[in-house]
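Pasting start_19.txt here (compact mmCIF, C-alpha atoms):
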# COMPACT_ATOMS: atom_id res chain seq x y z
CA MET A 1070 -14.61 2.68 -55.96
CA THR A 1071 -18.34 2.41 -55.38
CA GLU A 1072 -20.82 4.28 -57.49
CA ALA A 1073 -21.90 6.31 -54.44
CA THR A 1074 -18.30 7.37 -53.78
CA GLN A 1075 -17.84 8.34 -57.39
CA SER A 1076 -20.96 10.46 -57.51
CA ALA A 1077 -19.90 12.27 -54.33
CA GLN A 1078 -16.62 13.34 -55.87
CA LYS A 1079 -16.08 16.87 -57.12
CA ALA A 1080 -13.31 17.83 -59.49
CA LEU A 1081 -12.05 21.39 -59.75
CA VAL A 1082 -10.72 21.85 -63.27
CA ILE A 1083 -8.57 24.98 -63.47
CA LEU A 1084 -8.86 26.28 -66.99
CA GLY A 1085 -6.99 29.05 -68.75
CA MET A 1086 -4.60 30.00 -71.50
CA HIS A 1087 -0.87 29.38 -71.08
CA ARG A 1088 0.84 32.05 -68.95
CA SER A 1089 -2.48 33.17 -67.48
CA GLY A 1090 -1.84 32.45 -63.80
CA THR A 1091 -3.44 29.01 -63.61
CA SER A 1092 -0.39 27.69 -61.72
CA ALA A 1093 -0.81 30.31 -59.00
CA LEU A 1094 -4.49 29.56 -58.42
CA THR A 1095 -3.95 25.79 -58.60
CA ARG A 1096 -1.35 25.93 -55.83
CA VAL A 1097 -3.63 28.09 -53.65
CA LEU A 1098 -6.45 25.57 -54.07
CA ASN A 1099 -4.01 22.77 -53.31
CA LEU A 1100 -3.04 24.46 -50.04
CA LEU A 1101 -6.76 24.67 -49.22
CA GLY A 1102 -6.95 20.89 -49.54
CA VAL A 1103 -7.69 20.15 -53.20
CA GLU A 1104 -5.89 16.90 -54.03
CA LEU A 1105 -3.65 17.19 -57.11
CA GLY A 1106 -2.27 13.64 -57.16
CA LYS A 1107 1.33 12.49 -57.21
CA GLY A 1108 4.06 13.32 -59.70
CA MET A 1109 3.88 17.03 -60.51
CA LEU A 1110 5.87 18.53 -63.35
CA PRO A 1111 9.06 20.02 -61.88
CA PRO A 1112 9.65 23.78 -61.71
CA ASN A 1113 11.94 25.40 -64.27
CA ASP A 1114 13.23 28.83 -65.21
CA ALA A 1115 9.95 29.71 -66.94
CA ASN A 1116 7.94 28.80 -63.83
CA PRO A 1117 10.27 28.61 -60.80
CA ARG A 1118 7.41 28.19 -58.31
CA GLY A 1119 6.08 25.15 -60.12
CA TYR A 1120 3.46 24.37 -62.73
CA TRP A 1121 1.31 22.24 -60.40
CA GLU A 1122 0.40 20.05 -63.34
CA HIS A 1123 0.00 16.30 -63.09
CA ARG A 1124 2.83 14.76 -65.09
CA GLN A 1125 0.82 11.85 -66.50
CA ILE A 1126 -2.10 14.05 -67.56
CA TYR A 1127 0.36 16.43 -69.23
CA HIS A 1128 1.97 13.59 -71.19
CA ALA A 1129 -1.42 12.16 -72.19
CA HIS A 1130 -2.43 15.58 -73.52
CA GLU A 1131 0.81 15.98 -75.45
CA ALA A 1132 0.40 12.54 -77.03
CA MET A 1133 -3.25 13.27 -77.84
CA LEU A 1134 -2.30 16.48 -79.65
CA ASN A 1135 0.46 14.76 -81.59
CA SER A 1136 -1.89 11.94 -82.62
CA ILE A 1137 -4.03 14.42 -84.57
CA GLY A 1138 -1.05 16.27 -86.02
CA ARG A 1139 -1.09 19.25 -83.67
CA VAL A 1140 1.08 20.90 -81.02
CA TRP A 1141 -0.16 23.09 -78.18
CA HIS A 1142 0.61 26.27 -80.13
CA SER A 1143 -1.15 25.26 -83.35
CA ILE A 1144 -3.12 28.21 -84.70
CA PHE A 1145 -5.19 26.12 -87.10
CA SER A 1146 -8.45 24.36 -86.36
CA PHE A 1147 -8.50 20.76 -85.26
CA PRO A 1148 -9.98 18.07 -87.55
CA GLU A 1149 -13.75 17.90 -87.46
CA GLU A 1150 -15.00 15.75 -84.55
CA TRP A 1151 -11.40 14.82 -83.81
CA TRP A 1152 -12.34 13.45 -80.38
CA LEU A 1153 -14.29 10.62 -82.06
CA ASP A 1154 -11.23 9.42 -83.99
CA PRO A 1155 -10.18 5.92 -82.82
CA VAL A 1156 -6.63 7.19 -82.25
CA ILE A 1157 -7.94 9.29 -79.35
CA ALA A 1158 -9.56 6.39 -77.45
CA PRO A 1159 -6.33 5.01 -75.89
CA TYR A 1160 -5.54 8.42 -74.40
CA GLN A 1161 -9.04 8.74 -72.99
CA GLU A 1162 -8.64 5.31 -71.43
CA LYS A 1163 -5.30 6.40 -70.00
CA LEU A 1164 -6.91 9.49 -68.45
CA VAL A 1165 -9.63 7.33 -66.90
CA ASP A 1166 -6.97 5.06 -65.40
CA ILE A 1167 -5.05 8.06 -64.02
CA ILE A 1168 -8.12 9.50 -62.32
CA ARG A 1169 -9.17 6.18 -60.83
CA SER A 1170 -5.69 5.37 -59.53
CA GLU A 1171 -4.81 8.86 -58.30
CA PHE A 1172 -8.09 10.26 -56.98
CA SER A 1173 -10.33 7.32 -56.03
CA GLY A 1174 -10.16 8.24 -52.35
CA ALA A 1175 -10.44 12.01 -52.74
CA GLU A 1176 -13.77 13.78 -52.35
CA LEU A 1177 -12.28 17.01 -53.71
CA TRP A 1178 -9.55 16.84 -56.31
CA GLY A 1179 -8.42 18.84 -59.28
CA PHE A 1180 -5.95 19.39 -62.06
CA LYS A 1181 -4.86 21.99 -64.56
CA ASP A 1182 -3.15 21.99 -67.92
CA PRO A 1183 -3.56 24.85 -70.41
CA ARG A 1184 -3.68 22.25 -73.20
CA LEU A 1185 -7.08 21.30 -71.84
CA CYS A 1186 -8.45 24.53 -73.33
CA ARG A 1187 -8.50 22.82 -76.71
CA LEU A 1188 -8.93 19.23 -75.52
CA ILE A 1189 -12.14 19.45 -73.46
CA PRO A 1190 -14.20 17.54 -76.08
CA ALA A 1191 -12.11 14.44 -75.36
CA TRP A 1192 -12.78 14.82 -71.62
CA HIS A 1193 -16.58 14.74 -71.75
CA SER A 1194 -16.58 10.94 -71.93
CA VAL A 1195 -13.75 10.71 -69.38
CA PHE A 1196 -15.73 12.64 -66.77
CA SER A 1197 -18.76 10.48 -67.50
CA GLU A 1198 -16.77 7.24 -67.28
CA VAL A 1199 -15.25 7.97 -63.86
CA GLY A 1200 -18.50 9.41 -62.53
CA CYS A 1201 -17.05 12.65 -61.21
CA GLU A 1202 -18.71 16.05 -61.20
CA PRO A 1203 -16.40 18.59 -62.90
CA HIS A 1204 -16.49 22.24 -61.87
CA PHE A 1205 -14.50 24.65 -64.00
CA VAL A 1206 -12.57 27.60 -62.60
CA TYR A 1207 -11.69 29.79 -65.56
CA VAL A 1208 -8.64 32.04 -65.04
CA ILE A 1209 -8.38 35.16 -67.20
CA ARG A 1210 -5.32 37.33 -67.67
CA HIS A 1211 -4.99 40.43 -69.82
CA PRO A 1212 -4.13 39.22 -73.36
CA LEU A 1213 -1.32 41.76 -73.65
CA GLU A 1214 0.40 40.29 -70.59
CA VAL A 1215 -0.08 36.76 -71.93
CA ALA A 1216 1.33 37.77 -75.33
CA HIS A 1217 4.31 39.48 -73.74
CA SER A 1218 5.10 36.36 -71.69
CA LEU A 1219 4.73 34.00 -74.67
CA HIS A 1220 6.76 36.27 -76.92
CA ARG A 1221 9.60 36.36 -74.41
CA ARG A 1222 9.53 32.66 -73.48
CA ASP A 1223 8.79 31.03 -76.84
CA GLY A 1224 9.79 33.67 -79.37
CA PHE A 1225 6.37 33.68 -81.04
CA SER A 1226 5.36 36.65 -83.14
CA TRP A 1227 2.90 39.05 -81.49
CA GLU A 1228 0.23 38.06 -83.98
CA LYS A 1229 0.62 34.39 -83.19
CA CYS A 1230 0.44 35.09 -79.44
CA PHE A 1231 -2.88 36.90 -79.81
CA ARG A 1232 -4.29 34.24 -82.13
CA LEU A 1233 -3.36 31.55 -79.61
CA TRP A 1234 -5.03 33.53 -76.83
CA LEU A 1235 -8.22 33.81 -78.87
CA LEU A 1236 -8.27 30.14 -79.85
CA HIS A 1237 -7.72 28.90 -76.31
CA THR A 1238 -10.26 31.21 -74.73
CA LEU A 1239 -12.95 30.77 -77.41
CA GLU A 1240 -12.77 26.99 -77.58
CA SER A 1241 -12.54 26.43 -73.82
CA GLU A 1242 -15.37 28.85 -73.02
CA ARG A 1243 -17.59 27.11 -75.55
CA GLU A 1244 -16.85 23.59 -74.35
CA CYS A 1245 -17.22 24.20 -70.61
CA ARG A 1246 -20.63 25.89 -70.85
CA ILE A 1247 -22.40 22.65 -69.94
CA TYR A 1248 -20.60 22.47 -66.58
CA PRO A 1249 -20.74 24.63 -63.45
CA ARG A 1250 -18.10 27.34 -63.88
CA ILE A 1251 -16.71 30.45 -62.29
CA PHE A 1252 -14.56 33.12 -63.92
CA VAL A 1253 -11.73 34.80 -62.01
CA THR A 1254 -8.90 37.04 -63.15
CA TYR A 1255 -5.24 36.66 -62.36
CA ASP A 1256 -5.36 40.18 -60.89
CA GLN A 1257 -8.15 39.14 -58.52
CA VAL A 1258 -6.15 36.15 -57.30
CA LEU A 1259 -3.02 38.22 -56.68
CA ASP A 1260 -4.79 41.22 -55.17
CA ASP A 1261 -7.26 39.37 -52.92
CA TRP A 1262 -6.95 35.60 -53.06
CA ARG A 1263 -9.34 35.12 -50.10
CA SER A 1264 -12.23 36.74 -51.96
CA SER A 1265 -11.44 34.65 -55.04
CA VAL A 1266 -11.50 31.32 -53.19
CA ASP A 1267 -14.61 32.39 -51.24
CA ARG A 1268 -16.39 33.04 -54.55
CA ILE A 1269 -15.36 29.58 -55.75
CA SER A 1270 -16.51 27.79 -52.59
CA GLU A 1271 -19.80 29.67 -52.47
CA GLY A 1272 -20.48 29.30 -56.17
CA PHE A 1273 -19.81 25.57 -56.14
CA ARG A 1274 -21.27 24.96 -52.66
CA LEU A 1275 -18.21 23.26 -51.29
CA GLU A 1276 -16.10 23.55 -48.16
CA TRP A 1277 -12.33 23.67 -48.27
CA PRO A 1278 -10.70 20.89 -46.21
CA ASN A 1279 -8.31 23.56 -44.87
CA SER A 1280 -9.54 26.97 -43.80
CA THR A 1281 -8.14 30.18 -45.28
CA LEU A 1282 -6.83 31.09 -41.82
CA ASP A 1283 -4.87 27.82 -41.61
CA VAL A 1284 -3.11 28.39 -44.94
CA GLU A 1285 -2.88 32.18 -44.92
CA ARG A 1286 0.85 32.32 -44.23
CA GLU A 1287 1.75 29.73 -46.88
CA VAL A 1288 -0.47 31.32 -49.53
CA SER A 1289 0.82 34.82 -48.84
CA ALA A 1290 4.40 33.59 -49.13
CA PHE A 1291 3.60 31.80 -52.39
CA LEU A 1292 1.76 34.72 -53.98
CA ASP A 1293 4.75 36.99 -53.68
CA PRO A 1294 4.55 40.16 -55.85
CA ASP A 1295 7.53 38.84 -57.81
CA LEU A 1296 5.23 36.08 -59.10
CA ARG A 1297 3.92 38.54 -61.65
CA HIS A 1298 6.71 38.51 -64.24
CA HIS A 1299 4.94 40.49 -66.94
CA HIS A 1300 2.71 43.51 -66.43
CA LYS A 1301 0.54 44.81 -69.21
CA PRO A 1302 2.86 46.64 -71.63
CA ALA A 1303 1.74 50.25 -71.84
CA LYS A 1304 2.48 50.80 -75.53
CA LEU A 1305 1.96 47.40 -77.07
CA THR A 1306 -0.71 47.41 -79.78
CA ILE A 1307 -2.07 44.78 -82.17
CA GLN A 1308 -1.28 45.69 -85.75
CA ASP A 1309 -4.05 43.65 -87.35
CA PRO A 1310 -7.26 45.71 -86.80
CA LEU A 1311 -9.61 42.73 -87.01
CA LEU A 1312 -7.47 40.72 -84.58
CA ALA A 1313 -7.36 43.71 -82.22
CA GLU A 1314 -11.14 44.01 -82.31
CA LEU A 1315 -11.73 40.31 -81.64
CA VAL A 1316 -9.26 40.23 -78.75
CA GLU A 1317 -10.83 43.29 -77.16
CA VAL A 1318 -14.38 41.97 -77.49
CA MET A 1319 -13.41 38.58 -76.07
CA TYR A 1320 -11.48 40.00 -73.14
CA GLU A 1321 -14.19 42.48 -72.16
CA GLU A 1322 -16.82 39.74 -72.24
CA LEU A 1323 -14.76 37.46 -69.98
CA LEU A 1324 -13.91 40.37 -67.70
CA ARG A 1325 -17.61 41.07 -67.15
CA ALA A 1326 -18.14 37.42 -66.28
CA SER A 1327 -15.30 37.55 -63.72
CA ASN A 1328 -17.02 40.53 -62.07
CA GLY A 1329 -20.20 38.52 -61.74
CA GLU A 1330 -22.19 40.70 -64.11
CA LYS A 1331 -23.44 37.97 -66.43
CA ALA A 1332 -22.38 34.86 -68.30
CA PRO A 1333 -20.54 35.44 -71.59
CA SER A 1334 -22.90 36.01 -74.51
CA VAL A 1335 -23.12 32.86 -76.61
CA GLU A 1336 -24.18 34.82 -79.68
CA LEU A 1337 -21.37 37.36 -79.35
CA LEU A 1338 -18.60 34.83 -78.81
CA SER A 1339 -19.93 32.57 -81.58
CA SER A 1340 -19.66 35.56 -83.90
CA VAL A 1341 -16.08 36.22 -82.76
CA GLU A 1342 -15.17 32.57 -83.35
CA ALA A 1343 -16.73 32.55 -86.83
CA ARG A 1344 -14.91 35.73 -87.84
CA LEU A 1345 -11.59 34.40 -86.56
CA GLU A 1346 -12.07 31.11 -88.41
CA GLU A 1347 -12.89 32.91 -91.64
CA GLU A 1348 -9.90 35.22 -91.29
CA THR A 1349 -7.55 32.33 -90.45
CA ARG A 1350 -8.19 30.77 -93.86
CA THR A 1351 -6.40 33.70 -95.49
CA LEU A 1352 -3.19 33.42 -93.44
CA ASP A 1353 -0.03 33.48 -95.48
CA ALA A 1354 2.39 30.58 -95.84
CA ALA A 1355 4.62 31.78 -92.99
CA PHE A 1356 2.26 30.48 -90.32
CA LEU A 1357 1.82 27.16 -92.10
CA THR A 1358 5.60 26.81 -92.44
CA GLU A 1359 6.02 27.49 -88.72
CA GLU A 1360 3.38 24.88 -87.92
CA LEU A 1361 5.06 22.27 -90.12
CA LEU A 1362 8.46 23.00 -88.56
CA SER A 1363 6.98 22.52 -85.09
CA LEU A 1364 5.43 19.20 -86.05
CA SER A 1365 8.65 18.05 -87.73
CA GLY A 1366 10.56 18.91 -84.57
CA ARG A 1367 8.14 16.93 -82.43
CA LEU A 1368 8.41 13.99 -84.83
CA ARG A 1369 12.19 13.98 -84.53
CA GLU A 1370 11.88 14.28 -80.76
CA ALA A 1371 9.43 11.38 -80.62
CA GLN A 1372 11.71 9.25 -82.79
CA GLY A 1373 14.54 10.04 -80.40
CA TRP A 1374 12.41 8.81 -77.52
CA VAL A 1375 11.61 5.60 -79.40
CA ASP A 1376 15.27 4.97 -80.18
CA SER A 1377 16.22 5.64 -76.57
CA LEU A 1378 13.54 3.28 -75.26
CA GLU A 1379 14.63 0.57 -77.67
CA ARG A 1380 18.21 0.88 -76.45
CA GLU A 1381 17.03 0.80 -72.84
CA ARG A 1382 14.86 -2.26 -73.53
CA ALA A 1383 17.80 -4.09 -75.09
CA ARG A 1384 20.03 -3.12 -72.14
CA LEU A 1385 17.45 -4.33 -69.63
CA GLU A 1386 17.04 -7.63 -71.47
CA ILE A 1387 20.79 -8.18 -71.31
CA SER A 1388 20.87 -7.15 -67.67
CA ALA A 1389 17.98 -9.45 -66.85
CA ALA A 1390 19.76 -12.40 -68.44
CA GLN A 1391 22.96 -11.59 -66.57
CA LEU A 1392 21.08 -11.16 -63.31
CA GLU A 1393 19.37 -14.50 -63.76
CA ARG A 1394 22.76 -16.23 -64.09
CA VAL A 1395 24.14 -14.41 -61.05
CA LEU A 1396 21.11 -15.13 -58.92
CA HIS A 1397 21.16 -18.75 -59.90
CA SER A 1398 24.84 -18.98 -58.93
CA MET A 1399 24.35 -17.04 -55.69
CA SER A 1400 21.30 -19.08 -54.79
CA TRP A 1401 23.27 -22.31 -55.09
CA LYS A 1402 26.08 -20.96 -52.88
CA ILE A 1403 23.84 -19.37 -50.27
CA THR A 1404 21.69 -22.47 -49.84
CA ALA A 1405 24.68 -24.84 -49.63
CA PRO A 1406 24.68 -24.86 -45.75
CA LEU A 1407 20.97 -25.56 -45.70
CA ARG A 1408 21.44 -28.48 -48.06
CA LYS A 1409 24.14 -29.90 -45.79
CA ILE A 1410 21.88 -29.66 -42.75
CA HIS A 1411 19.08 -31.27 -44.73
CA ASP A 1412 21.38 -34.14 -45.72
CA LEU A 1413 22.54 -34.66 -42.12
CA ILE A 1414 18.98 -34.84 -40.85
CA ARG A 1415 18.05 -37.39 -43.50
CA GLY A 1416 21.23 -39.34 -42.86
CA ASN A 1417 22.62 -38.70 -46.29
CA PRO A 1418 26.37 -38.46 -46.80
CA ILE A 1419 27.64 -34.88 -47.05
CA ASN A 1420 28.81 -33.88 -50.51
CA SER A 1421 31.04 -30.86 -50.71
For the file at hand, write its structure as structure tokens.
Amino acid sequence: MTEATQSAQKALVILGMHRSGTSALTRVLNLLGVELGKGMLPPNDANPRGYWEHRQIYHAHEAMLNSIGRVWHSIFSFPEEWWLDPVIAPYQEKLVDIIRSEFSGAELWGFKDPRLCRLIPAWHSVFSEVGCEPHFVYVIRHPLEVAHSLHRRDGFSWEKCFRLWLLHTLESERECRIYPRIFVTYDQVLDDWRSSVDRISEGFRLEWPNSTLDVEREVSAFLDPDLRHHHKPAKLTIQDPLLAELVEVMYEELLRASNGEKAPSVELLSSVEARLEEETRTLDAAFLTEELLSLSGRLREAQGWVDSLERERARLEISAAQLERVLHSMSWKITAPLRKIHDLIRGNPINS
């Protein structure tokens, strides 16, 4: 890829907390012509219409989290300047390789993974290395709906769900400030997707490869009303008063940004983040126990993968040796007629 081609590239990074509607918007943008690469994560019961996440980027993010002793639902802070730790470098190199191999010919490409909300610091150097121009589309969904979805899917306590929402939104908002960005809500996408994508194209000064008229039928079929699994629970409240206050302040600030009123207040959100960090230090042992159990489970899972790969490697080595013997035998038999013809031409006696 030439430097000129690289600098002409634009990447749409769809950012947002888990269960916030990032999959829906990503697919709409994909239908409009945003290249997502090959090898998407498959749909499942939790997301039957697909995640629209690049499989290799997802696995690189998972490995990156595990390398610093975290999982995606960790409610504790990451190590200080974790992205500078040498253990992170191989994953950054992997991400560079993925982008160069998957998107080198695409002028407009994108990706999404909610894990990115907490991993953006590791991506700053990746974007710089590949020479692309990232533009962030930040998807916001009501925190009560997100909590309800997480509680039902993962069995997390309500308090943990809200803490996760705060961590993901605070950290991602802070880290993407240096890039062009646009805030949209899940409601806006579902209620009027055309206006949402028009705001994105106008705000980022880009043209969609496919017009909204060309993809209208496909998008309308995809954004079926059934896509919204969880509406805002009418009676759900947050028991912790401080947590309730911080969630409300954060959501209202992002909501104003999605309505185009103004950018989120740096001072206000920095205050929210500081108060949450201070309050997190007083959490009881239950949260720490849950975190340790999650990490232990991932460790056992990873060990299972290693054992499986070792068995597969041994099997392939045996198979390769067997194949070599078979091929050698078959090669001798198959080429026997050619050897006879060769001997006749040279006047050599024929040996059977």
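When CA of Leu1311 (chain A) is paired with CA of Leu1324 (chain A), their separation reads 19.9 Å.
The space between CA of Glu1240 (chain A) and CA of Gly1119 (chain A) spans 25.8 Å.
If all atoms listed in the file are the atoms counted, then among A:Pro1112, A:Leu1352, A:Pro1249, A:His1211 the closest residue to Asp1309 (chain A) is A:Leu1352.
The residue set within 9 Å of Arg1243 (chain A), counting only C-alpha atoms and dropping same-chain residues fewer than 6 places from it, reads Val1335, Leu1338 and Ser1339 of chain A.
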Grab the residues selected above and save them as an mmCIF file, keeping the file's coordinate frame with C-alpha atoms.
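Generated output (again19.cif):
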data_model
loop_
_atom_site.group_PDB
_atom_site.id
_atom_site.type_symbol
_atom_site.label_atom_id
_atom_site.label_comp_id
_atom_site.auth_asym_id
_atom_site.auth_seq_id
_atom_site.Cartn_x
_atom_site.Cartn_y
_atom_site.Cartn_z
ATOM 1 C CA VAL A 1335 -23.120 32.860 -76.610
ATOM 2 C CA LEU A 1338 -18.600 34.830 -78.810
ATOM 3 C CA SER A 1339 -19.930 32.570 -81.580
#
Report summary line: Nearest to Ser1226 (chain A), restricted to all atoms listed in the file and choosing among A:Gln1308, A:Val1082, A:Gly1138, A:Glu1381, comes out as A:Gln1308
